[in-house]
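> For reference, this is coords09.pdb, and it has PDB, C-alpha atoms, pLDDT in the B column.
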```pdb
ATOM      1  CA  MET A  42     -62.171   1.857 -14.403  1.00 55.00           C
ATOM      2  CA  ALA A  43     -60.285  -0.987 -16.087  1.00 55.00           C
ATOM      3  CA  ASP A  44     -58.017  -1.369 -13.040  1.00 57.00           C
ATOM      4  CA  ASN A  45     -61.074  -1.563 -10.785  1.00 64.00           C
ATOM      5  CA  GLN A  46     -62.661  -4.271 -12.966  1.00 65.00           C
ATOM      6  CA  LYS A  47     -59.368  -6.168 -12.984  1.00 62.00           C
ATOM      7  CA  SER A  48     -59.204  -5.913  -9.205  1.00 84.00           C
ATOM      8  CA  ASN A  49     -62.768  -7.218  -8.853  1.00 84.00           C
ATOM      9  CA  LEU A  50     -61.979 -10.120 -11.178  1.00 86.00           C
ATOM     10  CA  ALA A  51     -58.907 -10.966  -9.100  1.00 86.00           C
ATOM     11  CA  VAL A  52     -61.025 -11.004  -5.931  1.00 86.00           C
ATOM     12  CA  LEU A  53     -63.571 -13.293  -7.604  1.00 87.00           C
ATOM     13  CA  THR A  54     -61.017 -15.786  -8.948  1.00 87.00           C
ATOM     14  CA  ASN A  55     -58.725 -15.742  -5.928  1.00 87.00           C
ATOM     15  CA  GLY A  56     -60.620 -18.453  -4.047  1.00 87.00           C
ATOM     16  CA  ILE A  57     -60.799 -20.876  -6.962  1.00 87.00           C
ATOM     17  CA  ILE A  58     -57.117 -21.859  -7.154  1.00 82.00           C
ATOM     18  CA  LYS A  59     -54.674 -19.364  -5.611  1.00 84.00           C
ATOM     19  CA  GLU A  60     -56.369 -19.360  -2.206  1.00 86.00           C
ATOM     20  CA  ASN A  61     -58.750 -22.274  -2.542  1.00 90.00           C
ATOM     21  CA  PRO A  62     -60.230 -22.592   0.957  1.00 91.00           C
ATOM     22  CA  VAL A  63     -59.959 -26.390   1.018  1.00 92.00           C
ATOM     23  CA  LEU A  64     -56.938 -27.319  -1.101  1.00 90.00           C
ATOM     24  CA  VAL A  65     -54.676 -24.351  -0.325  1.00 89.00           C
ATOM     25  CA  LEU A  66     -55.808 -22.743   2.947  1.00 88.00           C
ATOM     26  CA  VAL A  67     -56.932 -26.143   4.314  1.00 89.00           C
ATOM     27  CA  LEU A  68     -60.083 -24.770   5.949  1.00 88.00           C
ATOM     28  CA  GLY A  69     -63.408 -26.533   6.380  1.00 87.00           C
ATOM     29  CA  THR A  70     -61.690 -29.925   6.475  1.00 90.00           C
ATOM     30  CA  CYS A  71     -64.289 -31.652   8.655  1.00 89.00           C
ATOM     31  CA  PRO A  72     -67.316 -31.202   6.342  1.00 88.00           C
ATOM     32  CA  THR A  73     -65.049 -31.739   3.326  1.00 91.00           C
ATOM     33  CA  LEU A  74     -64.107 -35.237   4.469  1.00 92.00           C
ATOM     34  CA  ALA A  75     -67.524 -36.061   5.902  1.00 91.00           C
ATOM     35  CA  VAL A  76     -69.893 -35.237   3.038  1.00 92.00           C
ATOM     36  CA  THR A  77     -67.812 -36.123  -0.036  1.00 92.00           C
ATOM     37  CA  THR A  78     -68.730 -39.810  -0.194  1.00 92.00           C
ATOM     38  CA  MET A  79     -71.034 -38.775  -3.062  1.00 92.00           C
ATOM     39  CA  ALA A  80     -70.562 -35.993  -5.595  1.00 93.00           C
ATOM     40  CA  VAL A  81     -74.112 -34.683  -5.201  1.00 93.00           C
ATOM     41  CA  ASN A  82     -73.594 -34.224  -1.467  1.00 93.00           C
ATOM     42  CA  GLY A  83     -70.467 -32.175  -2.152  1.00 93.00           C
ATOM     43  CA  ILE A  84     -72.360 -29.921  -4.560  1.00 94.00           C
ATOM     44  CA  GLY A  85     -75.187 -29.473  -2.049  1.00 94.00           C
ATOM     45  CA  MET A  86     -72.855 -28.554   0.786  1.00 95.00           C
ATOM     46  CA  GLY A  87     -70.877 -26.236  -1.496  1.00 94.00           C
ATOM     47  CA  ILE A  88     -73.947 -24.344  -2.700  1.00 95.00           C
ATOM     48  CA  ALA A  89     -75.284 -23.982   0.853  1.00 95.00           C
ATOM     49  CA  ALA A  90     -71.939 -22.651   2.103  1.00 94.00           C
ATOM     50  CA  THR A  91     -71.657 -20.312  -0.909  1.00 95.00           C
ATOM     51  CA  LEU A  92     -75.045 -18.731  -0.175  1.00 95.00           C
ATOM     52  CA  VAL A  93     -74.066 -18.190   3.457  1.00 95.00           C
ATOM     53  CA  LEU A  94     -70.655 -16.806   2.436  1.00 95.00           C
ATOM     54  CA  ILE A  95     -72.100 -14.249   0.026  1.00 95.00           C
ATOM     55  CA  CYS A  96     -74.907 -13.076   2.311  1.00 95.00           C
ATOM     56  CA  SER A  97     -72.816 -12.909   5.491  1.00 95.00           C
ATOM     57  CA  ASN A  98     -69.962 -11.097   3.707  1.00 95.00           C
ATOM     58  CA  ILE A  99     -72.390  -8.477   2.374  1.00 95.00           C
ATOM     59  CA  VAL A 100     -74.036  -7.847   5.751  1.00 95.00           C
ATOM     60  CA  ILE A 101     -70.744  -7.760   7.651  1.00 94.00           C
ATOM     61  CA  SER A 102     -69.254  -5.354   5.109  1.00 94.00           C
ATOM     62  CA  LEU A 103     -72.302  -3.092   5.496  1.00 94.00           C
ATOM     63  CA  LEU A 104     -72.020  -3.170   9.299  1.00 92.00           C
ATOM     64  CA  LYS A 105     -68.224  -3.046   9.617  1.00 89.00           C
ATOM     65  CA  LYS A 106     -68.278   0.565  10.892  1.00 88.00           C
ATOM     66  CA  VAL A 107     -71.152  -0.125  13.286  1.00 89.00           C
ATOM     67  CA  ILE A 108     -69.961  -3.291  15.025  1.00 88.00           C
ATOM     68  CA  PRO A 109     -67.529  -2.539  17.917  1.00 88.00           C
ATOM     69  CA  ASP A 110     -64.200  -4.377  17.738  1.00 85.00           C
ATOM     70  CA  SER A 111     -64.710  -5.872  21.195  1.00 86.00           C
ATOM     71  CA  VAL A 112     -67.785  -7.870  20.110  1.00 88.00           C
ATOM     72  CA  ARG A 113     -67.226  -8.317  16.404  1.00 88.00           C
ATOM     73  CA  ILE A 114     -66.662 -12.106  16.531  1.00 89.00           C
ATOM     74  CA  PRO A 115     -69.953 -12.802  18.398  1.00 90.00           C
ATOM     75  CA  CYS A 116     -71.728 -10.450  15.994  1.00 92.00           C
ATOM     76  CA  TYR A 117     -70.270 -12.270  13.004  1.00 92.00           C
ATOM     77  CA  ILE A 118     -71.468 -15.579  14.412  1.00 92.00           C
ATOM     78  CA  VAL A 119     -74.991 -14.213  14.915  1.00 93.00           C
ATOM     79  CA  VAL A 120     -75.093 -12.962  11.307  1.00 94.00           C
ATOM     80  CA  ILE A 121     -73.725 -16.235   9.943  1.00 94.00           C
ATOM     81  CA  ALA A 122     -76.072 -18.324  12.104  1.00 94.00           C
ATOM     82  CA  SER A 123     -79.074 -16.367  10.816  1.00 95.00           C
ATOM     83  CA  PHE A 124     -78.246 -17.123   7.198  1.00 95.00           C
ATOM     84  CA  VAL A 125     -77.411 -20.751   7.973  1.00 95.00           C
ATOM     85  CA  THR A 126     -80.849 -21.149   9.571  1.00 95.00           C
ATOM     86  CA  VAL A 127     -82.537 -19.741   6.456  1.00 95.00           C
ATOM     87  CA  VAL A 128     -80.510 -22.016   4.165  1.00 95.00           C
ATOM     88  CA  GLN A 129     -81.229 -25.033   6.376  1.00 94.00           C
ATOM     89  CA  PHE A 130     -84.981 -24.390   6.236  1.00 95.00           C
ATOM     90  CA  LEU A 131     -84.824 -24.039   2.432  1.00 94.00           C
ATOM     91  CA  VAL A 132     -82.908 -27.314   2.093  1.00 94.00           C
ATOM     92  CA  LYS A 133     -85.348 -29.101   4.415  1.00 93.00           C
ATOM     93  CA  ALA A 134     -88.277 -27.791   2.384  1.00 94.00           C
ATOM     94  CA  PHE A 135     -87.024 -28.314  -1.155  1.00 93.00           C
ATOM     95  CA  ALA A 136     -84.306 -31.000  -0.872  1.00 92.00           C
ATOM     96  CA  PRO A 137     -85.143 -33.279   2.086  1.00 92.00           C
ATOM     97  CA  ASP A 138     -82.918 -36.082   0.770  1.00 91.00           C
ATOM     98  CA  LEU A 139     -79.943 -33.729   0.677  1.00 91.00           C
ATOM     99  CA  ASP A 140     -80.785 -32.475   4.165  1.00 92.00           C
ATOM    100  CA  LYS A 141     -80.770 -36.065   5.410  1.00 92.00           C
ATOM    101  CA  ALA A 142     -77.479 -36.827   3.638  1.00 90.00           C
ATOM    102  CA  LEU A 143     -75.686 -33.741   5.001  1.00 91.00           C
ATOM    103  CA  GLY A 144     -77.082 -34.266   8.483  1.00 89.00           C
ATOM    104  CA  VAL A 145     -75.462 -32.244  11.241  1.00 90.00           C
ATOM    105  CA  PHE A 146     -72.875 -30.757   8.895  1.00 91.00           C
ATOM    106  CA  LEU A 147     -75.459 -28.404   7.374  1.00 91.00           C
ATOM    107  CA  PRO A 148     -76.154 -26.463  10.596  1.00 91.00           C
ATOM    108  CA  LEU A 149     -72.449 -26.702  11.447  1.00 90.00           C
ATOM    109  CA  ILE A 150     -71.764 -24.279   8.591  1.00 91.00           C
ATOM    110  CA  VAL A 151     -72.167 -21.715  11.383  1.00 90.00           C
ATOM    111  CA  VAL A 152     -68.729 -22.606  12.738  1.00 86.00           C
ATOM    112  CA  ASN A 153     -67.086 -23.282   9.378  1.00 87.00           C
ATOM    113  CA  CYS A 154     -63.665 -21.606   9.489  1.00 86.00           C
ATOM    114  CA  ILE A 155     -63.975 -20.512   5.862  1.00 90.00           C
ATOM    115  CA  ILE A 156     -66.984 -18.284   6.541  1.00 91.00           C
ATOM    116  CA  LEU A 157     -65.769 -16.813   9.823  1.00 88.00           C
ATOM    117  CA  GLY A 158     -62.273 -16.355   8.394  1.00 88.00           C
ATOM    118  CA  ARG A 159     -63.484 -14.443   5.313  1.00 89.00           C
ATOM    119  CA  ALA A 160     -65.720 -12.282   7.492  1.00 89.00           C
ATOM    120  CA  GLU A 161     -62.760 -11.282   9.654  1.00 87.00           C
ATOM    121  CA  MET A 162     -60.012 -11.119   7.049  1.00 88.00           C
ATOM    122  CA  PHE A 163     -61.897  -9.656   4.067  1.00 90.00           C
ATOM    123  CA  ALA A 164     -65.487  -8.469   4.557  1.00 90.00           C
ATOM    124  CA  ASN A 165     -64.495  -6.495   7.642  1.00 89.00           C
ATOM    125  CA  LYS A 166     -62.012  -4.467   5.572  1.00 89.00           C
ATOM    126  CA  ASN A 167     -63.502  -4.144   2.088  1.00 89.00           C
ATOM    127  CA  SER A 168     -66.463  -2.764   0.165  1.00 91.00           C
ATOM    128  CA  VAL A 169     -69.794  -4.542  -0.217  1.00 93.00           C
ATOM    129  CA  LEU A 170     -69.147  -5.428  -3.876  1.00 93.00           C
ATOM    130  CA  LYS A 171     -65.708  -6.884  -3.235  1.00 92.00           C
ATOM    131  CA  SER A 172     -66.980  -8.750  -0.178  1.00 93.00           C
ATOM    132  CA  ALA A 173     -69.772 -10.299  -2.245  1.00 94.00           C
ATOM    133  CA  LEU A 174     -67.288 -11.270  -4.987  1.00 93.00           C
ATOM    134  CA  ASP A 175     -64.948 -12.746  -2.389  1.00 93.00           C
ATOM    135  CA  GLY A 176     -67.785 -14.814  -0.932  1.00 93.00           C
ATOM    136  CA  LEU A 177     -68.791 -16.014  -4.396  1.00 94.00           C
ATOM    137  CA  GLY A 178     -65.214 -16.885  -5.373  1.00 94.00           C
ATOM    138  CA  MET A 179     -64.490 -18.715  -2.138  1.00 94.00           C
ATOM    139  CA  GLY A 180     -67.817 -20.523  -2.428  1.00 94.00           C
ATOM    140  CA  ILE A 181     -67.047 -21.645  -5.980  1.00 95.00           C
ATOM    141  CA  GLY A 182     -63.616 -22.856  -4.901  1.00 94.00           C
ATOM    142  CA  PHE A 183     -65.137 -24.732  -1.959  1.00 95.00           C
ATOM    143  CA  THR A 184     -67.818 -26.296  -4.174  1.00 95.00           C
ATOM    144  CA  LEU A 185     -65.332 -27.356  -6.861  1.00 95.00           C
ATOM    145  CA  ALA A 186     -63.071 -28.956  -4.256  1.00 95.00           C
ATOM    146  CA  LEU A 187     -66.003 -30.878  -2.737  1.00 95.00           C
ATOM    147  CA  LEU A 188     -67.264 -31.914  -6.181  1.00 95.00           C
ATOM    148  CA  CYS A 189     -63.819 -33.153  -7.196  1.00 95.00           C
ATOM    149  CA  MET A 190     -63.324 -35.107  -3.979  1.00 95.00           C
ATOM    150  CA  GLY A 191     -66.856 -36.487  -4.037  1.00 94.00           C
ATOM    151  CA  SER A 192     -66.552 -37.580  -7.673  1.00 94.00           C
ATOM    152  CA  ILE A 193     -63.281 -39.438  -7.084  1.00 94.00           C
ATOM    153  CA  ARG A 194     -64.469 -41.155  -3.919  1.00 94.00           C
ATOM    154  CA  GLU A 195     -67.860 -42.096  -5.373  1.00 93.00           C
ATOM    155  CA  LEU A 196     -66.409 -43.442  -8.631  1.00 93.00           C
ATOM    156  CA  ILE A 197     -63.725 -45.540  -6.990  1.00 92.00           C
ATOM    157  CA  GLY A 198     -65.604 -46.474  -3.838  1.00 91.00           C
ATOM    158  CA  ASN A 199     -69.073 -47.089  -5.242  1.00 90.00           C
ATOM    159  CA  GLY A 200     -68.697 -47.282  -9.019  1.00 89.00           C
ATOM    160  CA  THR A 201     -71.252 -44.498  -9.547  1.00 89.00           C
ATOM    161  CA  TRP A 202     -71.290 -40.768 -10.234  1.00 90.00           C
ATOM    162  CA  MET A 203     -74.250 -38.661  -9.157  1.00 87.00           C
ATOM    163  CA  GLY A 204     -75.936 -41.953  -8.380  1.00 80.00           C
ATOM    164  CA  ILE A 205     -75.538 -43.170 -11.981  1.00 85.00           C
ATOM    165  CA  ASN A 206     -73.799 -46.528 -12.492  1.00 87.00           C
ATOM    166  CA  VAL A 207     -70.479 -45.889 -14.255  1.00 85.00           C
ATOM    167  CA  THR A 208     -67.849 -48.468 -13.298  1.00 81.00           C
ATOM    168  CA  ALA A 209     -69.632 -50.777 -10.836  1.00 71.00           C
ATOM    169  CA  ASN A 210     -70.036 -53.453 -13.548  1.00 78.00           C
ATOM    170  CA  LEU A 211     -66.434 -53.144 -14.760  1.00 80.00           C
ATOM    171  CA  TRP A 212     -64.594 -53.803 -11.507  1.00 80.00           C
ATOM    172  CA  ASP A 213     -65.318 -54.195  -7.828  1.00 86.00           C
ATOM    173  CA  PRO A 214     -65.546 -50.843  -6.059  1.00 88.00           C
ATOM    174  CA  ILE A 215     -62.863 -50.133  -3.456  1.00 90.00           C
ATOM    175  CA  ILE A 216     -65.000 -49.486  -0.391  1.00 91.00           C
ATOM    176  CA  VAL A 217     -62.165 -47.927   1.610  1.00 92.00           C
ATOM    177  CA  PHE A 218     -62.536 -44.750  -0.472  1.00 93.00           C
ATOM    178  CA  LEU A 219     -65.935 -44.205   1.128  1.00 92.00           C
ATOM    179  CA  LEU A 220     -64.346 -44.402   4.580  1.00 93.00           C
ATOM    180  CA  ALA A 221     -62.149 -41.934   6.431  1.00 91.00           C
ATOM    181  CA  PRO A 222     -58.776 -43.352   5.222  1.00 92.00           C
ATOM    182  CA  GLY A 223     -59.873 -43.044   1.589  1.00 93.00           C
ATOM    183  CA  GLY A 224     -61.067 -39.503   2.216  1.00 93.00           C
ATOM    184  CA  PHE A 225     -57.711 -38.483   3.659  1.00 95.00           C
ATOM    185  CA  LEU A 226     -55.893 -40.149   0.748  1.00 95.00           C
ATOM    186  CA  VAL A 227     -57.917 -38.280  -1.874  1.00 95.00           C
ATOM    187  CA  PHE A 228     -57.679 -35.036   0.106  1.00 95.00           C
ATOM    188  CA  GLY A 229     -53.895 -35.220   0.368  1.00 93.00           C
ATOM    189  CA  SER A 230     -53.528 -36.209  -3.278  1.00 94.00           C
ATOM    190  CA  LEU A 231     -55.578 -33.226  -4.463  1.00 93.00           C
ATOM    191  CA  ILE A 232     -53.571 -30.833  -2.295  1.00 92.00           C
ATOM    192  CA  ALA A 233     -50.364 -32.243  -3.785  1.00 91.00           C
ATOM    193  CA  LEU A 234     -51.799 -31.948  -7.323  1.00 90.00           C
ATOM    194  CA  VAL A 235     -52.786 -28.297  -6.852  1.00 88.00           C
ATOM    195  CA  ASN A 236     -49.374 -27.542  -5.391  1.00 86.00           C
ATOM    196  CA  HIS A 237     -47.705 -29.223  -8.381  1.00 85.00           C
ATOM    197  CA  LEU A 238     -49.867 -27.510 -11.014  1.00 82.00           C
ATOM    198  CA  THR A 239     -49.276 -24.083  -9.501  1.00 78.00           C
ATOM    199  CA  LYS A 240     -45.568 -24.835  -8.910  1.00 74.00           C
ATOM    200  CA  GLY A 241     -46.056 -23.983  -5.262  1.00 67.00           C
ATOM    201  CA  LYS A 242     -47.409 -20.506  -6.049  1.00 63.00           C
ATOM    202  CA  GLY A 243     -50.888 -21.436  -4.891  1.00 57.00           C
ATOM    203  CA  VAL A 244     -49.610 -22.201  -1.408  1.00 52.00           C
ATOM    204  CA  GLN A 245     -48.553 -18.835  -0.098  1.00 50.00           C
ATOM    205  CA  ARG A 246     -46.184 -18.852   2.834  1.00 45.00           C
ATOM    206  CA  LYS A 247     -48.437 -16.682   4.934  1.00 45.00           C
ATOM    207  CA  GLU A 248     -47.790 -15.460   8.417  1.00 43.00           C
ATOM    208  CA  PHE A 249     -50.027 -17.503  10.669  1.00 42.00           C
ATOM    209  CA  GLY A 250     -49.578 -15.341  13.738  1.00 46.00           C
ATOM    210  CA  CYS A 251     -52.296 -13.831  15.889  1.00 50.00           C
ATOM    211  CA  ALA A 252     -52.934 -11.079  13.326  1.00 48.00           C
ATOM    212  CA  GLY A 253     -54.225 -13.646  10.870  1.00 47.00           C
ATOM    213  CA  CYS A 254     -56.546 -15.412  13.273  1.00 51.00           C
ATOM    214  CA  PRO A 255     -60.261 -14.504  13.444  1.00 47.00           C
ATOM    215  CA  SER A 256     -60.210 -15.239  17.189  1.00 49.00           C
ATOM    216  CA  ALA A 257     -57.254 -12.954  17.938  1.00 53.00           C
ATOM    217  CA  ALA A 258     -59.389 -10.401  19.785  1.00 51.00           C
ATOM    218  CA  VAL A 259     -60.962 -13.077  21.985  1.00 45.00           C
ATOM    219  CA  CYS A 260     -57.566 -14.545  22.891  1.00 53.00           C
ATOM    220  CA  LYS A 261     -56.161 -11.089  23.624  1.00 52.00           C
ATOM    221  CA  ALA A 262     -59.044 -10.349  25.997  1.00 46.00           C
ATOM    222  CA  ALA A 263     -58.586 -13.713  27.714  1.00 42.00           C
ATOM    223  CA  ARG A 264     -54.883 -13.034  28.255  1.00 49.00           C
ATOM    224  CA  LYS A 265     -55.655  -9.674  29.808  1.00 52.00           C
ATOM    225  CA  GLU A 266     -58.188 -11.202  32.177  1.00 46.00           C
ATOM    226  CA  GLY A 267     -55.692 -13.914  33.100  1.00 46.00           C
TER     227      GLY A 267
END
```
With the file now loaded, output its structure as structure tokens.

Amino acid sequence: MADNQKSNLAVLTNGIIKENPVLVLVLGTCPTLAVTTMAVNGIGMGIAATLVLICSNIVISLLKKVIPDSVRIPCYIVVIASFVTVVQFLVKAFAPDLDKALGVFLPLIVVNCIILGRAEMFANKNSVLKSALDGLGMGIGFTLALLCMGSIRELIGNGTWMGINVTANLWDPIIVFLLAPGGFLVFGSLIALVNHLTKGKGVQRKEFGCAGCPSAAVCKAARKEG
């Protein structure tokens, strides 16, 4: 029983540092760079993605023995798209300002590599409980990474945090941090920091062959047809 609880805890905490989807696995880079000009936007995107991760992981784990291998990727996308639609409607209804700030990147959660990757690499092979914990852990890691990036960029680039004036009256904000070059600079710096703090243990030298790709089955079918 204790070993099982320890295993569940490891699954939950895995996505926070050891396999952080943004700072270690380098997934979901596009929305990460696009929405982190403000900390609140990062939190909003992170929470939305976390809800989709948890729900889609649970459903895919429940259906893993029902979905044929030949169509599993399209089925995963349908499941993910359904939950993204629900989350998008909720955000539009209860947080219209956040919906406007996130723009097209909210519906694009459907094709976020983090969600599709966890569906293929974890939920498809594990129990419902562990799949839910994996989705929660990865979602927390994603949210923390976005919050950290958004806080740094907003503080330096705008002198505010969560819209509250913090440093704008002390020095002139460095606007470049709100632009793409500043985003890449902060992103790279955080990756280097995580790598340093974990002494390289967070960045696992994984095998990035076809077996680790969620689209492996699609590519294999295309090669056969060709």
> Edge lengths and centre in Å to one decimal, as JSON, is what I'm after for the box along x, y and z that holds all listed atoms of segment 196-210 of chain A once 6 Å is added on each side.

```
{"center_x": -69.8, "center_y": -46.1, "center_z": -9.0, "size_x": 24.2, "size_y": 26.8, "size_z": 22.4}
```
> So which one's closest to Leu174 of chain A, A:Cys116, A:Val132, A:Leu94, A:Ala209? Using only C-alpha atoms, please.
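Selected residue with least distance to Leu174 of chain A: A:Leu94.
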> Pick out the residues sitting within 6 Å of segment 143-154 of chain A, and hand them over as an MDAnalysis selection string; count only C-alpha atoms, and ignore anything fewer than 5 positions along from it in its own chain.
chainID A and resid 68:69 121:122
> Name the residues that the PyMOL selection byres ((chain A and resi 229) around 12) pulls out of this structure, and write them as an NGL selection string.
:A and (63-65 or 67 or 70 or 74 or 190 or 222-228 or 230-236)
> I need the residue nearest Trp202 of chain A from this list: A:Val169, A:Ile114, A:Val125, A:Cys189. Use all atoms listed in the file for the distance.
A:Cys189
> Residues within 10 Å of Asp175 of chain A, please, as a ChimeraX atom specification. Count all atoms listed in the file; anything in the same chain fewer than 6 positions from it doesn't count.
/A:49-56,94-95,98-99,159-160,163-164,167,169,181
> Separation of atom CA of Ile216 of chain A and atom CA of Ala80 of chain A, in Å?
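Separation of atom CA of Ile216 of chain A and atom CA of Ala80 of chain A: 15.5 Å.
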> Report, in Å with one decimal, the straight-line distance from atom CA of Arg194 of chain A to atom CA of Ala142 of chain A.
15.7 Å
> Atom CA of Gly87 of chain A and atom CA of Val119 of chain A are how many Å apart?
20.8 Å
> Select, from A:Leu104, A:Val93, A:Val207, A:Met86, the residue with the minimum atom-to-atom distance to Lys166 of chain A, counting all atoms listed in the file.
A:Leu104
